[in-house]
file final_11.txt (compact mmCIF, C-alpha atoms and all ligand atoms)
# COMPACT_ATOMS: atom_id res chain seq x y z
CA MET A 13 22.42 40.79 10.45
CA PRO A 14 23.02 44.16 8.83
CA PHE A 15 21.57 45.07 5.47
CA VAL A 16 23.16 47.76 3.40
CA PRO A 17 21.59 49.66 0.48
CA ALA A 18 23.97 49.49 -2.47
CA GLU A 19 24.17 53.26 -2.49
CA ARG A 20 25.83 53.25 0.93
CA LEU A 21 28.62 50.89 -0.06
CA LYS A 22 31.96 52.53 -0.38
CA PHE A 23 33.81 51.98 -3.61
CA ALA A 24 37.39 51.27 -4.51
CA GLU A 25 38.68 54.80 -4.19
CA GLU A 26 37.58 54.90 -0.57
CA PHE A 27 38.56 51.39 0.45
CA GLY A 28 41.87 51.04 -1.34
CA ARG A 29 42.46 48.12 -3.68
CA MET A 30 43.15 45.40 -1.15
CA SER A 31 40.03 45.70 0.94
CA GLU A 32 37.38 46.66 -1.56
CA PRO A 33 34.31 44.54 -0.75
CA LEU A 34 33.48 41.49 -2.82
CA VAL A 35 29.91 40.78 -3.85
CA PHE A 36 28.22 37.37 -4.08
CA PHE A 37 25.48 38.05 -6.61
CA VAL A 38 23.43 34.88 -7.03
CA ALA A 39 20.45 34.00 -9.22
CA GLY A 40 19.10 30.48 -9.48
CA LYS A 41 22.05 28.08 -9.31
CA GLU A 42 24.48 30.63 -10.72
CA VAL A 43 26.76 33.29 -9.28
CA LEU A 44 28.52 36.20 -10.97
CA MET A 45 32.28 35.82 -11.33
CA CYS A 46 35.00 38.11 -12.57
CA GLY A 47 37.78 35.91 -13.88
CA THR A 48 38.73 33.60 -11.02
CA GLU A 49 37.36 35.80 -8.23
CA PHE A 50 34.03 37.10 -7.04
CA PRO A 51 33.48 40.60 -8.43
CA SER A 52 34.11 43.69 -6.33
CA VAL A 53 31.52 46.39 -5.74
CA SER A 54 33.29 48.47 -8.38
CA HIS A 55 32.90 45.72 -10.96
CA LEU A 56 29.16 45.57 -10.26
CA ARG A 57 28.61 49.25 -9.68
CA GLY A 58 26.26 49.54 -12.66
CA ILE A 59 23.94 46.73 -11.61
CA LEU A 60 23.76 47.10 -7.82
CA ALA A 61 21.78 50.36 -7.72
CA GLY A 62 18.52 50.03 -5.83
CA ARG A 63 19.36 46.63 -4.37
CA THR A 64 19.84 45.83 -0.69
CA LEU A 65 22.92 43.83 0.15
CA LEU A 66 23.50 41.48 3.04
CA GLU A 67 26.70 41.83 5.01
CA LEU A 68 28.24 38.35 5.13
CA GLY A 69 31.46 38.91 7.06
CA GLU A 70 35.06 38.89 5.88
CA MET A 71 37.15 36.59 3.69
CA ASP A 72 40.93 37.10 3.94
CA GLY A 73 40.19 40.42 5.63
CA VAL A 74 38.01 41.56 2.74
CA PRO A 75 34.39 42.46 3.53
CA CYS A 76 31.82 40.41 1.60
CA PHE A 77 28.25 41.21 0.67
CA GLY A 78 25.52 39.08 -0.83
CA VAL A 79 22.58 39.84 -3.06
CA MET A 80 20.04 37.48 -4.65
CA ALA A 81 17.84 38.09 -7.67
CA GLU A 82 15.35 36.08 -9.71
CA ALA A 83 17.62 36.57 -12.71
CA PHE A 84 20.77 38.48 -13.58
CA PRO A 85 20.41 41.80 -15.44
CA LYS A 86 20.52 41.25 -19.21
CA GLU A 87 23.52 43.52 -19.61
CA LEU A 88 26.41 42.53 -17.34
CA PRO A 89 29.48 44.72 -16.74
CA GLU A 90 32.54 43.92 -18.83
CA GLY A 91 34.51 40.94 -17.54
CA VAL A 92 31.65 39.74 -15.34
CA ARG A 93 29.94 36.47 -16.23
CA PRO A 94 27.54 34.01 -14.61
CA MET A 95 28.94 30.67 -13.52
CA MET A 96 27.22 27.59 -12.11
CA CYS A 97 27.85 27.49 -8.34
CA ARG A 98 28.84 23.83 -8.58
CA ASP A 99 31.57 24.75 -11.07
CA VAL A 100 32.95 27.14 -8.46
CA PHE A 101 32.98 24.25 -5.96
CA ALA A 102 34.80 22.07 -8.50
CA SER A 103 37.53 24.43 -9.58
CA PHE A 104 38.10 27.20 -7.03
CA PRO A 105 39.87 27.11 -3.64
CA HIS A 106 37.93 25.62 -0.73
CA ASP A 107 37.51 28.95 1.07
CA ARG A 108 35.69 30.33 -2.00
CA SER A 109 33.29 27.39 -1.92
CA VAL A 110 32.63 27.84 1.78
CA ALA A 111 31.93 31.54 1.33
CA LEU A 112 29.63 30.93 -1.62
CA CYS A 113 27.69 28.22 0.26
CA ARG A 114 27.26 30.56 3.21
CA ALA A 115 26.11 33.40 0.97
CA ARG A 116 23.60 31.30 -0.95
CA ILE A 117 22.10 29.63 2.14
CA LEU A 118 21.70 32.93 4.02
CA LEU A 119 20.26 34.75 1.02
CA PHE A 120 17.75 31.96 0.39
CA TRP A 121 16.76 31.92 4.04
CA LEU A 122 16.23 35.69 4.14
CA GLU A 123 14.19 35.58 0.96
CA ASN A 124 11.88 33.06 2.60
CA HIS A 125 11.59 34.70 6.02
CA ARG A 126 10.54 38.22 5.18
CA PHE A 127 7.38 37.67 7.24
CA CYS A 128 6.79 36.06 10.62
CA GLY A 129 5.45 32.50 10.29
CA LYS A 130 3.40 32.96 13.48
CA CYS A 131 1.66 36.30 13.01
CA ALA A 132 2.63 37.40 9.46
CA SER A 133 4.25 40.70 10.50
CA ARG A 134 7.31 41.78 8.55
CA THR A 135 10.49 40.51 10.25
CA VAL A 136 13.46 42.69 11.09
CA PRO A 137 17.14 41.85 11.68
CA ALA A 138 17.76 40.85 15.30
CA LYS A 139 19.93 43.32 17.20
CA THR A 140 22.18 40.84 18.96
CA ASP A 141 22.77 37.94 16.58
CA ILE A 142 22.40 36.63 13.04
CA GLY A 143 18.67 35.92 13.40
CA LEU A 144 15.50 37.70 12.34
CA ALA A 145 12.96 38.90 14.86
CA CYS A 146 9.24 39.63 14.72
CA PRO A 147 8.56 43.08 16.22
CA THR A 148 4.90 42.17 16.87
CA CYS A 149 4.94 38.76 18.60
CA GLY A 150 8.62 38.43 19.45
CA ALA A 151 9.21 35.21 17.48
CA ARG A 152 12.82 34.61 16.45
CA PHE A 153 14.08 32.93 13.31
CA PHE A 154 17.56 31.58 12.61
CA PRO A 155 19.23 30.41 9.40
CA GLN A 156 18.09 26.88 8.58
CA ILE A 157 20.14 23.97 7.30
CA ALA A 158 18.51 20.74 6.14
CA PRO A 159 20.63 17.62 6.81
CA ALA A 160 20.58 14.98 4.11
CA VAL A 161 22.42 11.69 3.74
CA ILE A 162 24.21 10.29 0.72
CA VAL A 163 25.72 6.82 0.60
CA LEU A 164 28.12 4.83 -1.54
CA VAL A 165 27.09 1.18 -1.25
CA THR A 166 29.54 -1.47 -2.41
CA CYS A 167 28.84 -5.08 -3.37
CA GLY A 168 32.12 -6.81 -4.13
CA ASP A 169 33.83 -4.75 -6.81
CA ARG A 170 30.64 -2.92 -7.79
CA ILE A 171 28.80 0.12 -6.46
CA LEU A 172 25.15 1.05 -6.36
CA LEU A 173 24.19 3.89 -8.70
CA ALA A 174 20.71 5.13 -9.42
CA HIS A 175 19.04 7.35 -11.97
CA ASN A 176 16.79 9.97 -10.42
CA ARG A 177 13.67 10.86 -12.41
CA GLN A 178 14.62 14.53 -12.05
CA PHE A 179 17.93 14.02 -13.84
CA THR A 180 17.27 15.17 -17.38
CA ASN A 181 20.42 13.49 -18.68
CA GLY A 182 21.65 9.94 -18.35
CA MET A 183 23.57 10.66 -15.16
CA TYR A 184 23.55 8.09 -12.36
CA GLY A 185 24.19 9.16 -8.77
CA LEU A 186 24.38 7.79 -5.26
CA ALA A 187 21.34 7.06 -3.12
CA ALA A 188 20.48 10.13 -1.07
CA GLY A 189 17.66 11.69 0.90
CA PHE A 190 16.73 14.09 3.67
CA VAL A 191 16.98 13.15 7.33
CA GLU A 192 13.43 13.06 8.69
CA ALA A 193 12.25 14.41 12.04
CA GLY A 194 13.32 12.13 14.86
CA GLU A 195 15.86 10.15 12.85
CA SER A 196 19.60 9.84 13.22
CA ALA A 197 21.63 10.19 10.04
CA GLU A 198 22.31 6.43 10.16
CA ASP A 199 18.58 5.69 10.46
CA ALA A 200 18.01 7.89 7.41
CA VAL A 201 20.54 5.94 5.31
CA VAL A 202 18.92 2.62 6.23
CA ARG A 203 15.40 3.92 5.52
CA GLU A 204 16.31 5.61 2.24
CA LEU A 205 17.94 2.45 0.88
CA GLU A 206 15.00 0.27 1.90
CA GLU A 207 12.43 2.70 0.51
CA GLU A 208 14.18 3.68 -2.70
CA VAL A 209 15.91 0.50 -3.80
CA GLY A 210 14.75 -2.25 -1.42
CA ILE A 211 18.11 -3.29 0.02
CA GLN A 212 19.65 -3.62 3.48
CA VAL A 213 23.26 -2.69 4.25
CA LYS A 214 25.95 -3.42 6.83
CA ALA A 215 29.23 -1.78 7.91
CA LEU A 216 27.72 1.70 7.65
CA THR A 217 30.50 4.27 8.11
CA TYR A 218 30.36 8.05 8.14
CA VAL A 219 32.94 9.61 5.81
CA ARG A 220 32.52 13.41 5.67
CA SER A 221 30.03 16.19 5.00
CA GLN A 222 29.63 18.96 2.46
CA SER A 223 27.48 22.07 2.45
CA TRP A 224 25.15 21.92 -0.55
CA PRO A 225 23.28 25.20 -0.92
CA PHE A 226 20.48 24.08 -3.27
CA PRO A 227 18.81 25.52 -1.35
CA ASN A 228 20.13 24.74 2.12
CA SER A 229 21.37 21.17 2.58
CA LEU A 230 24.20 19.71 4.58
CA MET A 231 25.11 16.44 2.86
CA LEU A 232 26.37 13.76 5.26
CA GLY A 233 28.41 11.24 3.27
CA PHE A 234 28.48 7.54 4.20
CA ARG A 235 29.90 4.27 2.90
CA ALA A 236 28.19 0.93 3.41
CA GLU A 237 28.31 -2.67 2.20
CA TYR A 238 25.39 -4.51 0.67
CA ALA A 239 23.86 -7.06 3.07
CA SER A 240 20.56 -8.34 1.64
CA GLY A 241 17.49 -7.61 -0.46
CA GLU A 242 16.75 -7.49 -4.16
CA LEU A 243 17.60 -4.27 -5.92
CA CYS A 244 14.35 -2.65 -7.03
CA PRO A 245 14.09 1.09 -7.75
CA ASP A 246 10.93 2.62 -6.26
CA GLY A 247 9.74 4.01 -9.61
CA LYS A 248 8.79 7.30 -7.94
CA GLU A 249 12.05 9.07 -7.14
CA LEU A 250 14.30 6.60 -8.97
CA ASP A 251 13.47 5.10 -12.33
CA ASP A 252 16.56 2.88 -12.55
CA ALA A 253 19.27 1.50 -10.27
CA GLY A 254 22.03 -1.01 -10.71
CA TRP A 255 25.40 -2.36 -9.61
CA PHE A 256 28.30 -0.99 -11.63
CA SER A 257 31.98 -1.95 -11.77
CA LYS A 258 34.67 0.58 -12.66
CA GLU A 259 34.62 -0.77 -16.22
CA THR A 260 30.88 -0.28 -16.64
CA LEU A 261 30.33 3.11 -14.95
CA PRO A 262 27.60 5.22 -16.53
CA MET A 263 27.76 9.04 -16.54
CA ILE A 264 28.45 10.04 -12.91
CA PRO A 265 28.06 13.38 -11.08
CA PRO A 266 30.62 16.03 -12.08
CA PRO A 267 33.51 17.07 -9.78
CA GLY A 268 32.69 19.41 -6.91
CA SER A 269 30.02 17.23 -5.28
CA ILE A 270 30.44 14.85 -2.36
CA ALA A 271 28.86 12.15 -4.56
CA ARG A 272 31.72 12.45 -7.02
CA SER A 273 34.41 12.51 -4.32
CA LEU A 274 33.02 9.31 -2.74
CA ILE A 275 33.00 7.63 -6.16
CA ASP A 276 36.51 8.90 -7.00
CA GLU A 277 37.89 7.53 -3.72
CA TRP A 278 36.31 4.15 -4.42
CA LEU A 279 37.84 4.20 -7.94
CA GLU A 280 41.29 4.93 -6.48
CA ASN A 281 40.96 2.00 -4.10
CA GLN A 282 39.89 -0.23 -7.00
CA ALA A 283 43.02 0.74 -8.90
CA SER A 284 45.42 -0.02 -6.04
ZN ZN B 1 5.18 37.45 14.73
call {"tool": "encode", "arguments": {"input": "final_11.txt", "output": "structure tokens"}}
result
Amino acid sequence: MPFVPAERLKFAEEFGRMSEPLVFFVAGKEVLMCGTEFPSVSHLRGILAGRTLLELGEMDGVPCFGVMAEAFPKELPEGVRPMMCRDVFASFPHDRSVALCRARILLFWLENHRFCGKCASRTVPAKTDIGLACPTCGARFFPQIAPAVIVLVTCGDRILLAHNRQFTNGMYGLAAGFVEAGESAEDAVVRELEEEVGIQVKALTYVRSQSWPFPNSLMLGFRAEYASGELCPDGKELDDAGWFSKETLPMIPPPGSIARSLIDEWLENQAS
């Protein structure tokens, strides 16, 4: 996992226009964009000095680097602007989303593994793979992904939507939660629904997954049908939950999330 001081990056005049490296500069849940593309090193030349970049690999033959900061510099180069990562997922080509997810997950992981968890020595990039190594005790660390489940539960022509206490707006989403140690993803769906809203489901079916780098989740999307139990939000994580038809939908998650795509697919089926 090579790290490169910004000063050692070559710039446009050396690379030629087509292969000038792109930079994924992330802070919080935002990333810097230049129009509809990630900025090149030339675009960011003024704000990369003194930073160490992570080599992420290539996209369409173009080398990519990542850098993470607590916040973006106050003065950004002309044409460069911060954008919410989830807006990139919603409106840019899939390969851009994949690259951004990879960048954000790796940068977050590095930020949190600067020291060995066993002996507290400073870690160094492993020589042979993507991991980090401890030069003192030999411990190895690899990028971590946290699997989580998310489920669209139907009951006749209605779906289960819940309001999470952390949502500051009136948005309602799908039931979701992390897979716990020892569980299968299916076990996690069943447990989350029982714990959070007190219901049991049947016909549980896996649909698809989506990388969700806030900070390092892999969302496993399911569909299920209501079987039994009385809907009762737990009051801790969820402060409200209900069954909604397509005519009575509250504010739902914006495009770009697996939650929204599961809801959109259900809406399409309702229409047909
Ligand atoms: Zn160690």
call {"tool": "atom_distance", "arguments": {"input": "final_11.txt", "atom1": "atom CA of Pro159 of chain A", "atom2": "atom ZN of ligand ZN 1 (chain B)"}}
result
26.4 Å
call {"tool": "closest_atom_pairs", "arguments": {"input": "final_11.txt", "of": "chain A", "to": "ligand ZN 1 (chain B)", "cutoff": "8 Å", "atoms": "all atoms listed in the file", "output": "CSV"}}
result
residue,atom,partner,partner_atom,distance
A:Phe127,CA,B:ZN1,ZN,7.8
A:Cys128,CA,B:ZN1,ZN,4.6
A:Gly129,CA,B:ZN1,ZN,6.7
A:Lys130,CA,B:ZN1,ZN,5.0
A:Cys131,CA,B:ZN1,ZN,4.1
A:Ala132,CA,B:ZN1,ZN,5.9
A:Ser133,CA,B:ZN1,ZN,5.4
A:Arg134,CA,B:ZN1,ZN,7.8
A:Thr135,CA,B:ZN1,ZN,7.6
A:Ala145,CA,B:ZN1,ZN,7.9
A:Cys146,CA,B:ZN1,ZN,4.6
A:Pro147,CA,B:ZN1,ZN,6.7
A:Thr148,CA,B:ZN1,ZN,5.2
A:Cys149,CA,B:ZN1,ZN,4.1
A:Gly150,CA,B:ZN1,ZN,5.9
A:Ala151,CA,B:ZN1,ZN,5.4
call {"tool": "closest_residue", "arguments": {"input": "final_11.txt", "among": "A:Arg126, A:Lys248, A:Arg170, A:Lys41", "to": "Ala83 of chain A", "atoms": "only C-alpha atoms"}}
result
A:Lys41
call {"tool": "closest_atom_pairs", "arguments": {"input": "final_11.txt", "of": "segment 125-174 of chain A", "to": "segment 267-284 of chain A", "cutoff": "10 Å", "atoms": "all atoms listed in the file", "output": "tab-separated table"}}
result
residue	atom	partner	partner_atom	distance
A:Ile162	CA	A:Ala271	CA	7.3
A:Val163	CA	A:Ala271	CA	8.1
A:Leu164	CA	A:Leu274	CA	6.7
A:Thr166	CA	A:Trp278	CA	9.0
A:Asp169	CA	A:Gln282	CA	7.6
A:Arg170	CA	A:Gln282	CA	9.7
A:Ile171	CA	A:Ile275	CA	8.6
A:Leu173	CA	A:Ile275	CA	9.9
call {"tool": "write_last_selection", "arguments": {"input": "final_11.txt", "atoms": "C-alpha atoms", "output": "PDB file, in the coordinates of the input"}}
result
ATOM      1  CA  ILE A 162      24.210  10.290   0.720  1.00  0.00           C
ATOM      2  CA  VAL A 163      25.720   6.820   0.600  1.00  0.00           C
ATOM      3  CA  LEU A 164      28.120   4.830  -1.540  1.00  0.00           C
ATOM      4  CA  THR A 166      29.540  -1.470  -2.410  1.00  0.00           C
ATOM      5  CA  ASP A 169      33.830  -4.750  -6.810  1.00  0.00           C
ATOM      6  CA  ARG A 170      30.640  -2.920  -7.790  1.00  0.00           C
ATOM      7  CA  ILE A 171      28.800   0.120  -6.460  1.00  0.00           C
ATOM      8  CA  LEU A 173      24.190   3.890  -8.700  1.00  0.00           C
TER       9      LEU A 173
END
call {"tool": "atom_distance", "arguments": {"input": "final_11.txt", "atom1": "atom CA of Met45 of chain A", "atom2": "atom CA of Phe179 of chain A"}}
result
26.2 Å
call {"tool": "closest_residue", "arguments": {"input": "final_11.txt", "among": "A:Ile142, A:Val38, A:Cys46, A:Leu172", "to": "Thr260 of chain A", "atoms": "only C-alpha atoms"}}
result
A:Leu172
call {"tool": "build_atoms", "arguments": {"input": "final_11.txt", "residues": "segment 92-125 of chain A", "atoms": "N, CA and C atoms", "output": "PDB file, in the frame of the given file"}}
result
ATOM      1  N   VAL A  92      32.465  40.450 -16.322  1.00  0.00           N
ATOM      2  CA  VAL A  92      31.650  39.740 -15.340  1.00  0.00           C
ATOM      3  C   VAL A  92      30.774  38.728 -16.067  1.00  0.00           C
ATOM      4  N   ARG A  93      30.754  37.487 -15.551  1.00  0.00           N
ATOM      5  CA  ARG A  93      29.940  36.470 -16.230  1.00  0.00           C
ATOM      6  C   ARG A  93      29.321  35.534 -15.201  1.00  0.00           C
ATOM      7  N   PRO A  94      28.148  34.975 -15.526  1.00  0.00           N
ATOM      8  CA  PRO A  94      27.540  34.010 -14.610  1.00  0.00           C
ATOM      9  C   PRO A  94      28.251  32.669 -14.686  1.00  0.00           C
ATOM     10  N   MET A  95      28.311  31.989 -13.564  1.00  0.00           N
ATOM     11  CA  MET A  95      28.940  30.670 -13.520  1.00  0.00           C
ATOM     12  C   MET A  95      28.079  29.782 -12.632  1.00  0.00           C
ATOM     13  N   MET A  96      27.952  28.508 -12.978  1.00  0.00           N
ATOM     14  CA  MET A  96      27.220  27.590 -12.110  1.00  0.00           C
ATOM     15  C   MET A  96      27.961  27.488 -10.767  1.00  0.00           C
ATOM     16  N   CYS A  97      27.213  27.581  -9.662  1.00  0.00           N
ATOM     17  CA  CYS A  97      27.850  27.490  -8.340  1.00  0.00           C
ATOM     18  C   CYS A  97      28.664  26.205  -8.221  1.00  0.00           C
ATOM     19  N   ARG A  98      28.127  25.105  -8.763  1.00  0.00           N
ATOM     20  CA  ARG A  98      28.840  23.830  -8.580  1.00  0.00           C
ATOM     21  C   ARG A  98      30.168  23.823  -9.341  1.00  0.00           C
ATOM     22  N   ASP A  99      30.281  24.642 -10.394  1.00  0.00           N
ATOM     23  CA  ASP A  99      31.570  24.750 -11.070  1.00  0.00           C
ATOM     24  C   ASP A  99      32.582  25.513 -10.211  1.00  0.00           C
ATOM     25  N   VAL A 100      32.063  26.454  -9.408  1.00  0.00           N
ATOM     26  CA  VAL A 100      32.950  27.140  -8.460  1.00  0.00           C
ATOM     27  C   VAL A 100      33.459  26.132  -7.429  1.00  0.00           C
ATOM     28  N   PHE A 101      32.554  25.260  -6.943  1.00  0.00           N
ATOM     29  CA  PHE A 101      32.980  24.250  -5.960  1.00  0.00           C
ATOM     30  C   PHE A 101      34.060  23.345  -6.557  1.00  0.00           C
ATOM     31  N   ALA A 102      33.905  23.046  -7.856  1.00  0.00           N
ATOM     32  CA  ALA A 102      34.800  22.070  -8.500  1.00  0.00           C
ATOM     33  C   ALA A 102      36.174  22.643  -8.778  1.00  0.00           C
ATOM     34  N   SER A 103      36.252  23.948  -9.055  1.00  0.00           N
ATOM     35  CA  SER A 103      37.530  24.430  -9.580  1.00  0.00           C
ATOM     36  C   SER A 103      38.140  25.612  -8.838  1.00  0.00           C
ATOM     37  N   PHE A 104      37.512  26.075  -7.761  1.00  0.00           N
ATOM     38  CA  PHE A 104      38.100  27.200  -7.030  1.00  0.00           C
ATOM     39  C   PHE A 104      38.523  26.733  -5.634  1.00  0.00           C
ATOM     40  N   PRO A 105      39.391  27.515  -4.968  1.00  0.00           N
ATOM     41  CA  PRO A 105      39.870  27.110  -3.640  1.00  0.00           C
ATOM     42  C   PRO A 105      38.719  26.889  -2.654  1.00  0.00           C
ATOM     43  N   HIS A 106      38.961  26.023  -1.684  1.00  0.00           N
ATOM     44  CA  HIS A 106      37.930  25.620  -0.730  1.00  0.00           C
ATOM     45  C   HIS A 106      37.287  26.820  -0.034  1.00  0.00           C
ATOM     46  N   ASP A 107      38.099  27.833   0.333  1.00  0.00           N
ATOM     47  CA  ASP A 107      37.510  28.950   1.070  1.00  0.00           C
ATOM     48  C   ASP A 107      36.491  29.712   0.213  1.00  0.00           C
ATOM     49  N   ARG A 108      36.663  29.676  -1.109  1.00  0.00           N
ATOM     50  CA  ARG A 108      35.690  30.330  -2.000  1.00  0.00           C
ATOM     51  C   ARG A 108      34.371  29.548  -1.982  1.00  0.00           C
ATOM     52  N   SER A 109      34.494  28.221  -1.967  1.00  0.00           N
ATOM     53  CA  SER A 109      33.290  27.390  -1.920  1.00  0.00           C
ATOM     54  C   SER A 109      32.525  27.611  -0.627  1.00  0.00           C
ATOM     55  N   VAL A 110      33.267  27.650   0.478  1.00  0.00           N
ATOM     56  CA  VAL A 110      32.630  27.840   1.780  1.00  0.00           C
ATOM     57  C   VAL A 110      31.885  29.172   1.803  1.00  0.00           C
ATOM     58  N   ALA A 111      32.546  30.214   1.316  1.00  0.00           N
ATOM     59  CA  ALA A 111      31.930  31.540   1.330  1.00  0.00           C
ATOM     60  C   ALA A 111      30.692  31.582   0.441  1.00  0.00           C
ATOM     61  N   LEU A 112      30.777  30.933  -0.707  1.00  0.00           N
ATOM     62  CA  LEU A 112      29.630  30.930  -1.620  1.00  0.00           C
ATOM     63  C   LEU A 112      28.461  30.139  -1.031  1.00  0.00           C
ATOM     64  N   CYS A 113      28.759  29.004  -0.396  1.00  0.00           N
ATOM     65  CA  CYS A 113      27.690  28.220   0.260  1.00  0.00           C
ATOM     66  C   CYS A 113      27.007  29.061   1.331  1.00  0.00           C
ATOM     67  N   ARG A 114      27.817  29.730   2.136  1.00  0.00           N
ATOM     68  CA  ARG A 114      27.260  30.560   3.210  1.00  0.00           C
ATOM     69  C   ARG A 114      26.372  31.651   2.622  1.00  0.00           C
ATOM     70  N   ALA A 115      26.870  32.316   1.588  1.00  0.00           N
ATOM     71  CA  ALA A 115      26.110  33.400   0.970  1.00  0.00           C
ATOM     72  C   ALA A 115      24.775  32.884   0.437  1.00  0.00           C
ATOM     73  N   ARG A 116      24.813  31.786  -0.290  1.00  0.00           N
ATOM     74  CA  ARG A 116      23.600  31.300  -0.950  1.00  0.00           C
ATOM     75  C   ARG A 116      22.568  30.812   0.075  1.00  0.00           C
ATOM     76  N   ILE A 117      23.034  30.129   1.121  1.00  0.00           N
ATOM     77  CA  ILE A 117      22.100  29.630   2.140  1.00  0.00           C
ATOM     78  C   ILE A 117      21.461  30.788   2.896  1.00  0.00           C
ATOM     79  N   LEU A 118      22.249  31.789   3.276  1.00  0.00           N
ATOM     80  CA  LEU A 118      21.700  32.930   4.020  1.00  0.00           C
ATOM     81  C   LEU A 118      20.749  33.752   3.160  1.00  0.00           C
ATOM     82  N   LEU A 119      21.122  33.962   1.911  1.00  0.00           N
ATOM     83  CA  LEU A 119      20.260  34.750   1.020  1.00  0.00           C
ATOM     84  C   LEU A 119      18.927  34.039   0.780  1.00  0.00           C
ATOM     85  N   PHE A 120      18.982  32.727   0.590  1.00  0.00           N
ATOM     86  CA  PHE A 120      17.750  31.960   0.390  1.00  0.00           C
ATOM     87  C   PHE A 120      16.872  32.022   1.634  1.00  0.00           C
ATOM     88  N   TRP A 121      17.508  31.892   2.788  1.00  0.00           N
ATOM     89  CA  TRP A 121      16.760  31.920   4.040  1.00  0.00           C
ATOM     90  C   TRP A 121      16.070  33.278   4.240  1.00  0.00           C
ATOM     91  N   LEU A 122      16.807  34.346   3.994  1.00  0.00           N
ATOM     92  CA  LEU A 122      16.230  35.690   4.140  1.00  0.00           C
ATOM     93  C   LEU A 122      15.040  35.881   3.213  1.00  0.00           C
ATOM     94  N   GLU A 123      15.233  35.443   1.968  1.00  0.00           N
ATOM     95  CA  GLU A 123      14.190  35.580   0.960  1.00  0.00           C
ATOM     96  C   GLU A 123      12.895  34.914   1.411  1.00  0.00           C
ATOM     97  N   ASN A 124      13.046  33.837   2.188  1.00  0.00           N
ATOM     98  CA  ASN A 124      11.880  33.060   2.600  1.00  0.00           C
ATOM     99  C   ASN A 124      11.411  33.358   4.031  1.00  0.00           C
ATOM    100  N   HIS A 125      12.010  34.336   4.662  1.00  0.00           N
ATOM    101  CA  HIS A 125      11.590  34.700   6.020  1.00  0.00           C
ATOM    102  C   HIS A 125      11.355  36.189   6.157  1.00  0.00           C
TER     103      HIS A 125
END
